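So this block is run23.txt, compact mmCIF, C-alpha atoms (C1' of nucleotides):
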```
# COMPACT_ATOMS: atom_id res chain seq x y z
CA MET A 245 82.77 -62.86 -21.49
CA LEU A 246 81.73 -62.61 -17.87
CA ILE A 247 80.35 -59.55 -16.22
CA GLY A 248 83.65 -58.52 -14.71
CA GLU A 249 85.34 -58.31 -18.06
CA LEU A 250 82.47 -56.44 -19.60
CA SER A 251 82.70 -54.05 -16.70
CA ARG A 252 86.38 -53.58 -17.29
CA ARG A 253 85.95 -53.05 -20.99
CA THR A 254 83.17 -50.54 -20.66
CA GLY A 255 84.09 -48.83 -17.43
CA VAL A 256 80.62 -49.54 -16.12
CA ARG A 257 80.24 -51.22 -12.76
CA ALA A 258 78.92 -54.75 -12.68
CA HIS A 259 75.92 -53.87 -10.56
CA GLN A 260 74.95 -51.29 -13.13
CA LEU A 261 75.13 -53.90 -15.85
CA ARG A 262 72.85 -56.12 -13.82
CA TYR A 263 70.49 -53.25 -13.40
CA TYR A 264 70.40 -52.61 -17.13
CA GLU A 265 69.52 -56.26 -17.53
CA THR A 266 66.56 -55.94 -15.17
CA GLN A 267 65.44 -53.03 -17.32
CA GLY A 268 65.55 -55.16 -20.43
CA LEU A 269 68.51 -53.41 -22.02
CA LEU A 270 70.91 -56.33 -21.83
CA LYS A 271 70.19 -60.00 -22.34
CA PRO A 272 73.25 -62.07 -21.56
CA GLY A 273 73.21 -65.82 -21.73
CA ARG A 274 73.77 -67.95 -18.67
CA ALA A 275 76.36 -70.58 -18.02
CA THR A 276 75.41 -73.70 -16.11
CA SER A 277 77.03 -72.03 -13.13
CA GLY A 278 74.52 -69.23 -13.36
CA TYR A 279 77.16 -66.77 -14.48
CA ARG A 280 76.11 -64.21 -17.06
CA GLU A 281 77.81 -64.61 -20.41
CA TYR A 282 78.06 -61.64 -22.71
CA THR A 283 79.00 -61.52 -26.35
CA THR A 284 81.39 -58.86 -27.59
CA ASP A 285 78.44 -56.93 -28.99
CA ALA A 286 77.55 -56.10 -25.45
CA VAL A 287 80.46 -53.70 -25.25
CA LEU A 288 78.91 -51.52 -27.92
CA THR A 289 75.46 -51.91 -26.50
CA VAL A 290 76.62 -50.75 -23.10
CA ALA A 291 78.40 -47.78 -24.60
CA GLN A 292 75.17 -46.86 -26.32
CA ILE A 293 73.18 -47.20 -23.16
CA ARG A 294 75.60 -44.99 -21.28
CA LYS A 295 75.49 -42.27 -23.89
CA LEU A 296 71.75 -42.26 -23.97
CA LEU A 297 71.48 -42.23 -20.19
CA GLU A 298 73.91 -39.35 -20.00
CA ALA A 299 71.85 -37.55 -22.57
CA GLY A 300 68.95 -37.71 -20.17
CA LEU A 301 66.93 -40.63 -21.49
CA SER A 302 65.40 -43.18 -19.17
CA THR A 303 66.02 -46.88 -19.45
CA GLU A 304 62.49 -47.24 -20.72
CA GLN A 305 63.05 -44.78 -23.52
CA ILE A 306 66.31 -46.45 -24.36
CA ARG A 307 64.60 -49.81 -24.56
CA PHE A 308 62.21 -48.25 -27.02
CA LEU A 309 65.03 -46.92 -29.09
CA GLN A 310 67.15 -50.02 -29.09
CA PRO A 311 65.49 -51.88 -31.97
CA CYS A 312 65.92 -48.88 -34.24
CA VAL A 313 69.43 -48.22 -33.17
CA THR A 314 70.58 -51.74 -33.76
CA GLY A 315 68.54 -52.01 -36.89
CA ALA A 316 67.88 -55.51 -35.72
CA ALA A 317 64.15 -55.19 -35.48
CA ALA A 318 63.40 -53.88 -38.92
CA ASP A 319 61.66 -57.09 -39.72
CA LEU A 320 58.97 -56.86 -37.15
CA GLU A 321 55.30 -56.71 -37.81
CA PRO A 322 54.63 -53.22 -39.09
CA CYS A 323 52.12 -52.87 -36.33
CA PRO A 324 50.44 -49.53 -37.07
CA GLU A 325 49.65 -48.47 -33.55
CA SER A 326 53.17 -49.03 -32.44
CA LEU A 327 54.16 -46.94 -35.42
CA SER A 328 52.15 -44.00 -34.20
CA THR A 329 53.65 -44.44 -30.78
CA LEU A 330 57.04 -44.22 -32.37
CA ARG A 331 56.06 -41.07 -34.14
CA THR A 332 54.99 -39.53 -30.87
CA ARG A 333 58.34 -40.58 -29.47
CA LEU A 334 60.02 -38.84 -32.35
CA GLU A 335 58.17 -35.62 -31.66
CA GLU A 336 59.15 -35.77 -28.04
CA MET A 337 62.76 -36.15 -29.01
CA ASP A 338 62.49 -33.25 -31.42
CA GLU A 339 61.16 -31.04 -28.69
CA ARG A 340 63.85 -32.14 -26.36
CA ILE A 341 66.55 -31.46 -28.87
CA ASP A 342 65.05 -28.14 -29.75
CA THR A 343 65.04 -26.98 -26.16
CA LEU A 344 68.61 -28.10 -25.72
CA VAL A 345 69.72 -26.38 -28.91
CA ARG A 346 68.12 -23.13 -27.85
CA SER A 347 69.79 -23.22 -24.48
CA ARG A 348 73.03 -24.17 -26.04
CA ARG A 349 72.83 -21.14 -28.29
CA ALA A 350 71.99 -18.88 -25.40
CA LEU A 351 74.99 -20.18 -23.55
CA HIS A 352 77.19 -19.79 -26.58
CA ASP A 353 76.10 -16.24 -27.17
CA TYR A 354 76.63 -15.43 -23.55
CA ILE A 355 80.13 -16.77 -23.62
CA ASP A 356 80.78 -14.84 -26.75
CA VAL A 357 79.67 -11.55 -25.30
CA THR A 358 81.49 -12.04 -22.03
CA GLU A 359 84.60 -12.94 -23.94
CA ARG A 360 84.35 -9.87 -26.07
CA ARG A 361 83.98 -7.56 -23.15
CA ALA A 362 86.78 -9.26 -21.31
CA SER A 363 89.21 -8.71 -24.12
CA ALA A 364 88.11 -5.12 -24.55
CA VAL A 365 88.54 -3.84 -21.05
CA ALA A 366 89.84 -0.59 -22.41
CA ALA A 367 86.53 0.18 -23.92
CA ARG A 368 84.34 2.33 -21.78
CA GLY A 369 80.59 2.50 -21.69
CA GLY A 370 77.56 0.69 -20.52
CA LEU A 371 76.86 -1.67 -23.32
CA CYS A 372 73.72 -3.45 -22.46
CA PRO A 373 73.49 -6.67 -24.45
CA ALA A 374 70.06 -7.62 -23.38
CA GLU A 375 69.46 -8.57 -26.95
CA VAL A 376 72.33 -10.55 -28.27
CA VAL A 377 72.43 -10.56 -31.99
CA LEU A 378 73.54 -13.66 -33.76
CA GLU A 379 76.66 -13.01 -35.69
CA PRO A 380 78.13 -15.06 -38.47
CA GLY A 381 81.22 -17.04 -37.79
CA VAL A 382 82.31 -19.13 -34.85
CA ALA A 383 80.11 -21.80 -36.25
CA GLU A 384 80.98 -24.90 -34.39
CA LEU A 385 78.74 -27.88 -34.51
CA VAL A 386 75.21 -26.88 -33.93
CA ASP A 387 75.57 -23.25 -34.80
CA GLY A 388 74.26 -21.71 -37.90
CA PRO A 389 70.89 -21.71 -39.53
CA GLY A 390 70.73 -25.47 -39.67
CA LEU A 391 68.51 -27.77 -37.80
CA ALA A 392 65.54 -26.70 -39.81
CA MET B 6 51.27 -12.58 -7.23
CA LEU B 7 51.20 -15.32 -4.62
CA ILE B 8 52.40 -18.83 -5.14
CA GLY B 9 48.92 -20.19 -5.78
CA GLU B 10 48.36 -17.91 -8.72
CA LEU B 11 51.75 -18.61 -10.17
CA SER B 12 50.96 -22.27 -9.84
CA ARG B 13 47.68 -21.76 -11.66
CA ARG B 14 49.27 -19.75 -14.42
CA THR B 15 52.10 -22.17 -15.01
CA GLY B 16 50.46 -25.45 -14.24
CA VAL B 17 53.29 -26.22 -11.86
CA ARG B 18 52.45 -27.27 -8.31
CA ALA B 19 53.25 -24.88 -5.53
CA HIS B 20 55.48 -27.36 -3.87
CA GLN B 21 57.56 -27.62 -6.99
CA LEU B 22 57.89 -23.86 -7.12
CA ARG B 23 59.15 -23.86 -3.57
CA TYR B 24 61.59 -26.55 -4.50
CA TYR B 25 62.89 -24.54 -7.44
CA GLU B 26 63.42 -21.71 -5.01
CA THR B 27 65.53 -23.87 -2.74
CA GLN B 28 67.59 -24.71 -5.81
CA GLY B 29 68.15 -21.05 -6.53
CA LEU B 30 66.05 -20.91 -9.66
CA LEU B 31 63.37 -18.60 -8.32
CA LYS B 32 63.80 -15.66 -5.98
CA PRO B 33 60.42 -14.29 -4.98
CA GLY B 34 60.04 -11.42 -2.55
CA ARG B 35 58.38 -11.87 0.79
CA ALA B 36 55.41 -10.07 2.25
CA THR B 37 55.38 -9.22 5.96
CA SER B 38 53.15 -12.24 6.36
CA GLY B 39 55.93 -14.41 5.04
CA TYR B 40 54.05 -15.13 1.83
CA ARG B 41 56.12 -15.38 -1.34
CA GLU B 42 55.45 -12.64 -3.85
CA TYR B 43 56.26 -13.26 -7.48
CA THR B 44 56.49 -10.80 -10.33
CA THR B 45 54.90 -11.63 -13.65
CA ASP B 46 58.33 -12.47 -15.01
CA ALA B 47 58.21 -15.57 -12.90
CA VAL B 48 55.67 -17.11 -15.24
CA LEU B 49 58.18 -17.11 -18.05
CA THR B 50 60.99 -18.19 -15.80
CA VAL B 51 59.01 -21.16 -14.62
CA ALA B 52 58.14 -22.14 -18.17
CA GLN B 53 61.82 -21.99 -18.96
CA ILE B 54 62.69 -24.15 -15.99
CA ARG B 55 60.11 -26.73 -16.93
CA LYS B 56 61.34 -27.00 -20.49
CA LEU B 57 64.89 -27.44 -19.40
CA LEU B 58 63.98 -29.99 -16.77
CA GLU B 59 61.96 -31.92 -19.29
CA ALA B 60 64.91 -31.81 -21.62
CA GLY B 61 66.88 -33.65 -18.99
CA LEU B 62 68.88 -30.88 -17.35
CA SER B 63 69.33 -30.73 -13.60
CA THR B 64 68.39 -27.74 -11.52
CA GLU B 65 72.06 -27.05 -11.08
CA GLN B 66 72.67 -26.94 -14.80
CA ILE B 67 69.64 -24.76 -15.23
CA ARG B 68 70.90 -22.37 -12.61
CA PHE B 69 74.09 -22.15 -14.58
CA LEU B 70 72.21 -21.43 -17.74
CA GLN B 71 69.79 -18.91 -16.35
CA PRO B 72 71.94 -15.79 -16.59
CA CYS B 73 72.56 -16.45 -20.26
CA VAL B 74 69.02 -17.29 -21.06
CA THR B 75 67.63 -14.19 -19.45
CA GLY B 76 70.46 -12.08 -20.77
CA ALA B 77 70.25 -10.35 -17.44
CA ALA B 78 73.68 -11.20 -16.22
CA ALA B 79 75.72 -10.01 -19.14
CA ASP B 80 77.23 -7.38 -16.91
CA LEU B 81 78.98 -9.67 -14.50
CA GLU B 82 82.64 -9.81 -13.82
CA PRO B 83 84.16 -11.37 -16.88
CA CYS B 84 85.77 -13.82 -14.51
CA PRO B 85 87.93 -15.98 -16.75
CA GLU B 86 87.72 -19.16 -14.78
CA SER B 87 83.98 -19.04 -14.80
CA LEU B 88 84.29 -18.50 -18.51
CA SER B 89 86.18 -21.71 -18.97
CA THR B 90 83.63 -23.49 -16.85
CA LEU B 91 80.98 -22.20 -19.17
CA ARG B 92 82.89 -23.47 -22.15
CA THR B 93 83.06 -26.90 -20.59
CA ARG B 94 79.34 -26.67 -20.03
CA LEU B 95 78.92 -25.84 -23.68
CA GLU B 96 80.87 -28.88 -24.74
CA GLU B 97 78.78 -31.06 -22.51
CA MET B 98 75.64 -29.71 -24.08
CA ASP B 99 77.06 -30.30 -27.53
CA GLU B 100 77.73 -33.89 -26.72
CA ARG B 101 74.32 -34.31 -25.26
CA ILE B 102 72.65 -32.81 -28.28
CA ASP B 103 74.76 -34.87 -30.58
CA THR B 104 73.77 -38.10 -28.92
CA LEU B 105 70.14 -37.13 -29.00
CA VAL B 106 70.31 -36.14 -32.63
CA ARG B 107 71.85 -39.45 -33.57
CA SER B 108 69.20 -41.37 -31.74
CA ARG B 109 66.52 -39.22 -33.18
CA ARG B 110 67.77 -39.97 -36.62
CA ALA B 111 67.92 -43.68 -35.94
CA LEU B 112 64.36 -43.58 -34.77
CA HIS B 113 63.33 -41.55 -37.76
CA ASP B 114 64.97 -43.95 -40.18
CA TYR B 115 63.39 -46.86 -38.45
CA ILE B 116 59.95 -45.35 -38.70
CA ASP B 117 60.59 -44.57 -42.31
CA VAL B 118 61.57 -48.08 -43.18
CA THR B 119 58.76 -49.68 -41.27
CA GLU B 120 56.33 -47.31 -42.89
CA ARG B 121 57.63 -48.08 -46.31
CA ARG B 122 57.37 -51.78 -45.90
CA ALA B 123 53.94 -51.47 -44.38
CA SER B 124 52.43 -49.37 -47.11
CA ALA B 125 54.23 -50.94 -50.00
CA VAL B 126 54.43 -54.64 -49.54
CA ALA B 127 54.64 -55.03 -53.27
CA ALA B 128 57.62 -52.78 -53.61
CA ARG B 129 60.94 -54.49 -53.62
CA GLY B 130 63.16 -52.54 -51.27
CA GLY B 131 66.45 -54.02 -50.18
CA LEU B 132 67.24 -51.02 -48.06
CA CYS B 133 68.78 -51.79 -44.78
CA PRO B 134 67.81 -49.68 -41.80
CA ALA B 135 69.93 -47.49 -39.63
CA GLU B 136 73.22 -48.72 -38.48
CA VAL B 137 74.97 -47.70 -35.36
CA VAL B 138 74.12 -44.62 -33.43
CA LEU B 139 77.26 -44.49 -31.44
CA GLU B 140 80.72 -44.32 -32.95
CA PRO B 141 83.07 -41.70 -31.60
CA GLY B 142 82.85 -39.73 -34.77
CA VAL B 143 82.46 -36.07 -35.35
CA ALA B 144 79.29 -34.15 -35.06
CA GLU B 145 77.09 -33.86 -38.02
CA LEU B 146 74.07 -31.84 -38.70
CA VAL B 147 70.68 -33.11 -37.99
CA ASP B 148 68.60 -34.18 -40.87
CA GLY B 149 65.40 -32.95 -42.35
CA PRO B 150 62.27 -31.40 -40.96
CA GLY B 151 60.94 -31.49 -37.50
CA LEU B 152 63.39 -29.33 -35.68
CA ALA B 153 62.30 -25.75 -35.40
C1' DA C 159 34.22 -14.34 15.50
C1' DT C 160 34.39 -17.74 12.60
C1' DC C 161 35.04 -19.94 8.31
C1' DA C 162 37.18 -20.95 3.99
C1' DA C 163 40.84 -20.25 1.20
C1' DC C 164 45.25 -19.38 1.14
C1' DC C 165 49.96 -19.44 2.81
C1' DC C 166 53.99 -21.16 5.79
C1' DT C 167 57.58 -24.98 7.27
C1' DC C 168 58.76 -29.63 8.15
C1' DA C 169 58.73 -34.40 7.56
C1' DC C 170 58.17 -38.53 5.11
C1' DA C 171 57.82 -41.44 0.92
C1' DC C 172 58.04 -42.54 -4.01
C1' DC C 173 60.77 -43.46 -8.34
C1' DG C 174 64.87 -43.98 -11.14
C1' DG C 175 69.70 -44.66 -11.40
C1' DT C 176 73.56 -45.50 -8.51
C1' DA C 177 76.46 -47.39 -4.64
C1' DT C 178 77.43 -50.81 -0.77
C1' DG C 179 77.51 -54.75 1.72
C1' DA C 180 76.18 -59.39 3.34
C1' DA C 181 75.93 -64.32 2.58
C1' DG C 182 76.90 -67.62 -0.36
C1' DG C 183 78.14 -70.47 -4.92
C1' DT C 184 81.92 -71.37 -8.84
C1' DC C 185 86.36 -72.08 -10.48
C1' DA C 186 91.35 -72.14 -11.46
C1' DA C 187 95.81 -72.39 -9.19
C1' DG C 188 98.75 -73.83 -5.64
C1' DC D 58 91.63 -78.99 -0.33
C1' DT D 59 92.16 -74.53 0.43
C1' DT D 60 92.72 -69.85 -1.18
C1' DG D 61 91.36 -65.97 -3.75
C1' DA D 62 89.22 -63.98 -7.52
C1' DC D 63 85.05 -64.05 -9.45
C1' DC D 64 80.22 -64.80 -9.66
C1' DT D 65 75.18 -65.11 -7.68
C1' DT D 66 70.99 -62.84 -5.21
C1' DC D 67 69.09 -59.87 -1.78
C1' DA D 68 68.85 -55.86 1.09
C1' DT D 69 69.88 -51.21 2.08
C1' DA D 70 70.74 -46.47 1.12
C1' DC D 71 72.00 -42.33 -1.44
C1' DC D 72 70.49 -38.33 -4.58
C1' DG D 73 67.35 -35.60 -7.43
C1' DG D 74 62.79 -34.30 -8.59
C1' DT D 75 58.16 -35.17 -7.15
C1' DG D 76 53.96 -35.97 -4.15
C1' DT D 77 51.51 -35.89 0.24
C1' DG D 78 50.22 -34.67 4.62
C1' DA D 79 50.56 -32.70 9.31
C1' DG D 80 50.40 -28.64 12.14
C1' DG D 81 49.94 -23.97 12.09
C1' DG D 82 49.70 -18.81 10.61
C1' DT D 83 47.30 -14.97 7.38
C1' DT D 84 43.63 -12.99 4.97
C1' DG D 85 39.13 -11.65 3.66
C1' DA D 86 34.30 -12.33 3.74
C1' DT D 87 30.14 -13.41 6.05
```

Any chance you could give the structure as structure tokens?
Amino acid sequence: MLIGELSRRTGVRAHQLRYYETQGLLKPGRATSGYREYTTDAVLTVAQIRKLLEAGLSTEQIRFLQPCVTGAAADLEPCPESLSTLRTRLEEMDERIDTLVRSRRALHDYIDVTERRASAVAARGGLCPAEVVLEPGVAELVDGPGLA
Amino acid sequence: MLIGELSRRTGVRAHQLRYYETQGLLKPGRATSGYREYTTDAVLTVAQIRKLLEAGLSTEQIRFLQPCVTGAAADLEPCPESLSTLRTRLEEMDERIDTLVRSRRALHDYIDVTERRASAVAARGGLCPAEVVLEPGVAELVDGPGLA
DNA sequence: ATCAACCCTCACACCGGTATGAAGGTCAAG
DNA sequence: CTTGACCTTCATACCGGTGTGAGGGTTGAT
């Protein structure tokens, strides 16, 4: 398909798709006319790129991740130094996730407390929840002891 | 303390600290000279800001998060509309974390496979590496070790 | 009084991802 | 053959977070 259709299918503007190409994230073929020609796989690839970008990764990091994500590059040279680079990458992602999870919990707890006090307006007193205790229940998604 | 000392203690350049102030993340007092005066709390606050920035959040999102993180603003008006905004924020963070966790796992699996085939050429392993990272599926828990 | 070290504000520029527009080539339909 | 939708490249500019420097005030020590 041409770039316009890919744009339509993914909701991503054509100039963005061209940009992703310059960053090595997309590699469309070319017609004799010079037009870019994408396979249907590109739709998924673009969706992936968008998600990762929205999650705060750079195009460079995404390019790094792509081989693993697609599983397409599992038959590369097991180059050991690149392996250690990948491990460093992994640690960085862990830290990133950890920070996000902590903040997410803080936000969740805050909502919880505010909610509680909103629904209990009748209650009087200066409850000072400087230290919000984790309570069981309301375990959506990331909550709970998990993530270890 | 003055901005120079805070900069020294946090490893964050003074100009960045001033920028964070313009974004409403820091609110130092002012001496008669016009110099900014920070309390020791600011050291922690700055560390917090840095972590969140590095995790890919914007200053605006961080400003949103700050009251919850510090626990200092638990005695605000339980304004319900702000509450729903917060819930939306929470969902956004969930999505973000989810995407990151998926990618992290893909990377982890990839490393694992590469490692295996590097250290055990003799072993016959027909295991195929990670599949897709995307898929509009439900959230799952993150795997194994690495996440505090 | 002067000097160094520190602070102030303001302006300008970089990078990454995005958004526009200009100037022009390709192609199918009328 | 022309029209219009679509494509090409190139240039320009925005925003957010960062970096740098100019021009100038404050402070403390010599």

**Message:** List as a list in words the protein and nucleic acid residues near stretch 179-188 of chain C, meaning an atom at most 7 Å away when all atoms listed in the file are counted, but skip any in the same chain fewer than 3 places from it.
**Reply:**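 Final neighbour list, sorted by chain and number: Ser277 of chain A; DC64 and DT65 of chain D.
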
Please identify all residues of chain D having at least one atom at most 12 Å from any atom of chain B, considering only C-alpha atoms (C1' of nucleotides), and return them as an mmCIF file with C-alpha atoms (C1' of nucleotides), in the coordinates of the input.
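The result, written out as iface-v7.cif:
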```
data_model
loop_
_atom_site.group_PDB
_atom_site.id
_atom_site.type_symbol
_atom_site.label_atom_id
_atom_site.label_comp_id
_atom_site.auth_asym_id
_atom_site.auth_seq_id
_atom_site.Cartn_x
_atom_site.Cartn_y
_atom_site.Cartn_z
ATOM 1 C "C1'" DC D 72 70.490 -38.330 -4.580
ATOM 2 C "C1'" DG D 73 67.350 -35.600 -7.430
ATOM 3 C "C1'" DG D 74 62.790 -34.300 -8.590
ATOM 4 C "C1'" DT D 75 58.160 -35.170 -7.150
ATOM 5 C "C1'" DG D 76 53.960 -35.970 -4.150
ATOM 6 C "C1'" DT D 77 51.510 -35.890 0.240
ATOM 7 C "C1'" DG D 82 49.700 -18.810 10.610
ATOM 8 C "C1'" DT D 83 47.300 -14.970 7.380
ATOM 9 C "C1'" DT D 84 43.630 -12.990 4.970
#
```

**Prompt:** Between atom CA of A:Asp342 and atom CA of B:Leu31, what is the spacing in Å?
**Reply:**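 The value is 23.5 Å.
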
**Item:** Distance query 12 Å from (63.4, -46.2, -5.4) using only C-alpha atoms (C1' of nucleotides), result as a ChimeraX atom specification
**Value:** /C:171-176 /D:69-73

**Message:** Please identify all residues of chain C having at least one atom at most 8 Å from any atom of chain B, considering only C-alpha atoms (C1' of nucleotides), and return them as number ranges by chain.
**Reply:** C: 164-166

Selection file, C-alpha atoms (C1' of nucleotides), as a PDB file, keeping the file's coordinate frame:
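Result file selection_14.pdb:
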```pdb
ATOM      1  C1'  DC C 164      45.250 -19.380   1.140  1.00  0.00           C
ATOM      2  C1'  DC C 165      49.960 -19.440   2.810  1.00  0.00           C
ATOM      3  C1'  DC C 166      53.990 -21.160   5.790  1.00  0.00           C
TER       4       DC C 166
END
```

Excluding same-chain residues fewer than 2 positions from A:Arg307, what lies within 8 Å of it counting all atoms listed in the file, as a PDB file with C-alpha atoms, in the coordinates of the input?
```pdb
ATOM      1  CA  GLN A 267      65.440 -53.030 -17.320  1.00  0.00           C
ATOM      2  CA  GLY A 268      65.550 -55.160 -20.430  1.00  0.00           C
ATOM      3  CA  LEU A 269      68.510 -53.410 -22.020  1.00  0.00           C
ATOM      4  CA  THR A 303      66.020 -46.880 -19.450  1.00  0.00           C
ATOM      5  CA  GLU A 304      62.490 -47.240 -20.720  1.00  0.00           C
ATOM      6  CA  GLN A 305      63.050 -44.780 -23.520  1.00  0.00           C
ATOM      7  CA  LEU A 309      65.030 -46.920 -29.090  1.00  0.00           C
ATOM      8  CA  GLN A 310      67.150 -50.020 -29.090  1.00  0.00           C
ATOM      9  CA  PRO A 311      65.490 -51.880 -31.970  1.00  0.00           C
TER      10      PRO A 311
END
```

**Asked** Could you work out how far atom CA of A:Ile306 lies from atom CA of A:Ser251, giving the answer in Å with one decimal?
**Response** 19.6 Å

**Asked** Between atom CA of A:Ile355 and atom CA of B:Ser89, what is the spacing in Å?
**Response** 9.1 Å
